[in-house]
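Asker: Shown below is the structure under consideration.
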Amino acid sequence: MTGYQYYLLELCLGQINSKNMLEYNKSLRRHCQDKLEEIYKDELKEYFVRCVRHHQMLLRYTNTINKTLNPLELCQLAYSICAICFGILRITYLNDISPTEIIISIVYIIGFTMQLLIDCILGTILYNQASLLPDYIFSNNWENLENNILKKDIMFVLTHAQRIPQFNAYGLYDLNMMSFLKVIKVAFSFYTVLSAIGTRNSEI
């Protein structure tokens, strides 16, 4: 949902100082009902302020989600590493494991892996969509504006938009596909260590 909101924001910012801007602004007036037209006489300024407000709302929303889900995501990271590691260890290390137990272990591993994968996919979608925002701002017709103050405001928003929001867990790791691959590597590293320890103990 957040990624789609960024997409809509990019479409709106890309229409600044264009022929379609007035039509976009009329539509936003009906949906937002923020009465900015009563505050700003310049419709271009009104349109820009409305876009900036939407951007600030998305940043606050992402920050709120991070604060709310930080403990859950950190626990999920630990659970996923342990579940993948011990699930594979159970399948490969135990000699007397039954086919039913093998199937249960595989389902167990897939469940924890998919749970983390979904979060990382959504985090990647958000990051990729939000990273396009500076390009949309820069590609609009803002350099031909006659209002120099508004030009400076757009440049400020352009600079601020380059700080890409991400879903993360206490800032320790970001929810994206790179983090997902790192979790899989860490899980297999733990599996290798535990497997080596188990083999050495069995030999002794």
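Every chain in the structure tokens takes a letter, A first, then B, and so on in the order presented; its residues are numbered from 1, and the ligands are numbered from 1 following the presented order.
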List every residue of stretch 43-181 of chain A that DSSP, applied to the backbone, labels as strand (DSSP E or B), and write the result as a VMD selection string.

Answerer: chain A and resid 168 to 169 173 to 174

Asker: Can you spit out the residues from that selection as a PDB file, in the first residue's frame, using C-alpha atoms?

Answerer:
ATOM      1  CA  ASN A 168      13.897  -2.293   9.238  1.00  0.00           C
ATOM      2  CA  ALA A 169      14.334  -3.875  12.653  1.00  0.00           C
ATOM      3  CA  TYR A 173      18.963  -4.834   9.250  1.00  0.00           C
ATOM      4  CA  ASP A 174      16.690  -3.624   6.476  1.00  0.00           C
TER       5      ASP A 174
END

Asker: Could you give me, as a ChimeraX atom specification, the residues within 8 Å of A:Ile81, counting only C-alpha atoms and dropping anything in the same chain fewer than 4 positions from it?

Answerer: /A:77,85,183-184,186-187

Asker: Stretch 93-110 of chain A: which residues within 9 Å, counting only C-alpha atoms, same-chain residues fewer than 3 positions away excluded, as a PDB file with N, CA and C atoms, in the first residue's frame?

Answerer:
ATOM      1  N   SER A  80      13.748 -17.247  12.307  1.00  0.00           N
ATOM      2  CA  SER A  80      13.974 -17.764  10.952  1.00  0.00           C
ATOM      3  C   SER A  80      15.333 -18.435  10.849  1.00  0.00           C
ATOM      4  N   ALA A  83      15.111 -21.683  12.887  1.00  0.00           N
ATOM      5  CA  ALA A  83      14.209 -22.656  12.280  1.00  0.00           C
ATOM      6  C   ALA A  83      14.828 -23.298  11.047  1.00  0.00           C
ATOM      7  N   ILE A  84      15.428 -22.491  10.191  1.00  0.00           N
ATOM      8  CA  ILE A  84      16.061 -23.029   8.980  1.00  0.00           C
ATOM      9  C   ILE A  84      17.239 -23.924   9.345  1.00  0.00           C
ATOM     10  N   CYS A  85      18.043 -23.454  10.300  1.00  0.00           N
ATOM     11  CA  CYS A  85      19.231 -24.204  10.702  1.00  0.00           C
ATOM     12  C   CYS A  85      18.858 -25.557  11.302  1.00  0.00           C
ATOM     13  N   PHE A  86      18.002 -25.552  12.326  1.00  0.00           N
ATOM     14  CA  PHE A  86      17.657 -26.799  13.005  1.00  0.00           C
ATOM     15  C   PHE A  86      16.763 -27.694  12.159  1.00  0.00           C
ATOM     16  N   GLY A  87      15.968 -27.091  11.279  1.00  0.00           N
ATOM     17  CA  GLY A  87      15.150 -27.900  10.385  1.00  0.00           C
ATOM     18  C   GLY A  87      15.998 -28.727   9.436  1.00  0.00           C
ATOM     19  N   ILE A  88      16.987 -28.094   8.823  1.00  0.00           N
ATOM     20  CA  ILE A  88      17.885 -28.821   7.913  1.00  0.00           C
ATOM     21  C   ILE A  88      18.745 -29.814   8.690  1.00  0.00           C
ATOM     22  N   LEU A  89      19.184 -29.412   9.886  1.00  0.00           N
ATOM     23  CA  LEU A  89      20.013 -30.297  10.716  1.00  0.00           C
ATOM     24  C   LEU A  89      19.239 -31.550  11.111  1.00  0.00           C
ATOM     25  N   ARG A  90      17.971 -31.375  11.384  1.00  0.00           N
ATOM     26  CA  ARG A  90      17.134 -32.523  11.776  1.00  0.00           C
ATOM     27  C   ARG A  90      16.972 -33.509  10.624  1.00  0.00           C
ATOM     28  N   THR A 113      10.709 -19.680   6.209  1.00  0.00           N
ATOM     29  CA  THR A 113      11.387 -18.985   5.113  1.00  0.00           C
ATOM     30  C   THR A 113      10.429 -18.058   4.374  1.00  0.00           C
ATOM     31  N   MET A 114       9.226 -18.538   4.091  1.00  0.00           N
ATOM     32  CA  MET A 114       8.239 -17.719   3.387  1.00  0.00           C
ATOM     33  C   MET A 114       7.787 -16.532   4.220  1.00  0.00           C
ATOM     34  N   GLN A 115       7.698 -16.731   5.531  1.00  0.00           N
ATOM     35  CA  GLN A 115       7.282 -15.647   6.415  1.00  0.00           C
ATOM     36  C   GLN A 115       8.259 -14.480   6.328  1.00  0.00           C
ATOM     37  N   SER A 195      26.600 -29.083  12.462  1.00  0.00           N
ATOM     38  CA  SER A 195      26.789 -30.388  11.831  1.00  0.00           C
ATOM     39  C   SER A 195      28.203 -30.905  12.074  1.00  0.00           C
ATOM     40  N   GLY A 198      28.443 -32.012  15.682  1.00  0.00           N
ATOM     41  CA  GLY A 198      27.760 -33.288  15.872  1.00  0.00           C
ATOM     42  C   GLY A 198      28.563 -34.452  15.309  1.00  0.00           C
ATOM     43  N   THR A 199      29.180 -34.266  14.161  1.00  0.00           N
ATOM     44  CA  THR A 199      30.004 -35.328  13.552  1.00  0.00           C
ATOM     45  C   THR A 199      31.218 -35.629  14.410  1.00  0.00           C
TER      46      THR A 199
END

Asker: Excluding A:Leu11 and its own-chain neighbours fewer than 6 positions away, which residues fall within 10 Å of it when counting only C-alpha atoms? Please give them as a PyMOL selection string.

Answerer: chain A and resi 5+24+133+136-137

Asker: What's the 9 Å shell around A:Tyr7, counting only C-alpha atoms, without same-chain residues fewer than 5 positions away, as a list in words?

Answerer: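 So, after excluding close chain neighbours, the residues are Thr2, Cys12, Gln129, Ala130, Leu132 and Leu133 of chain A.
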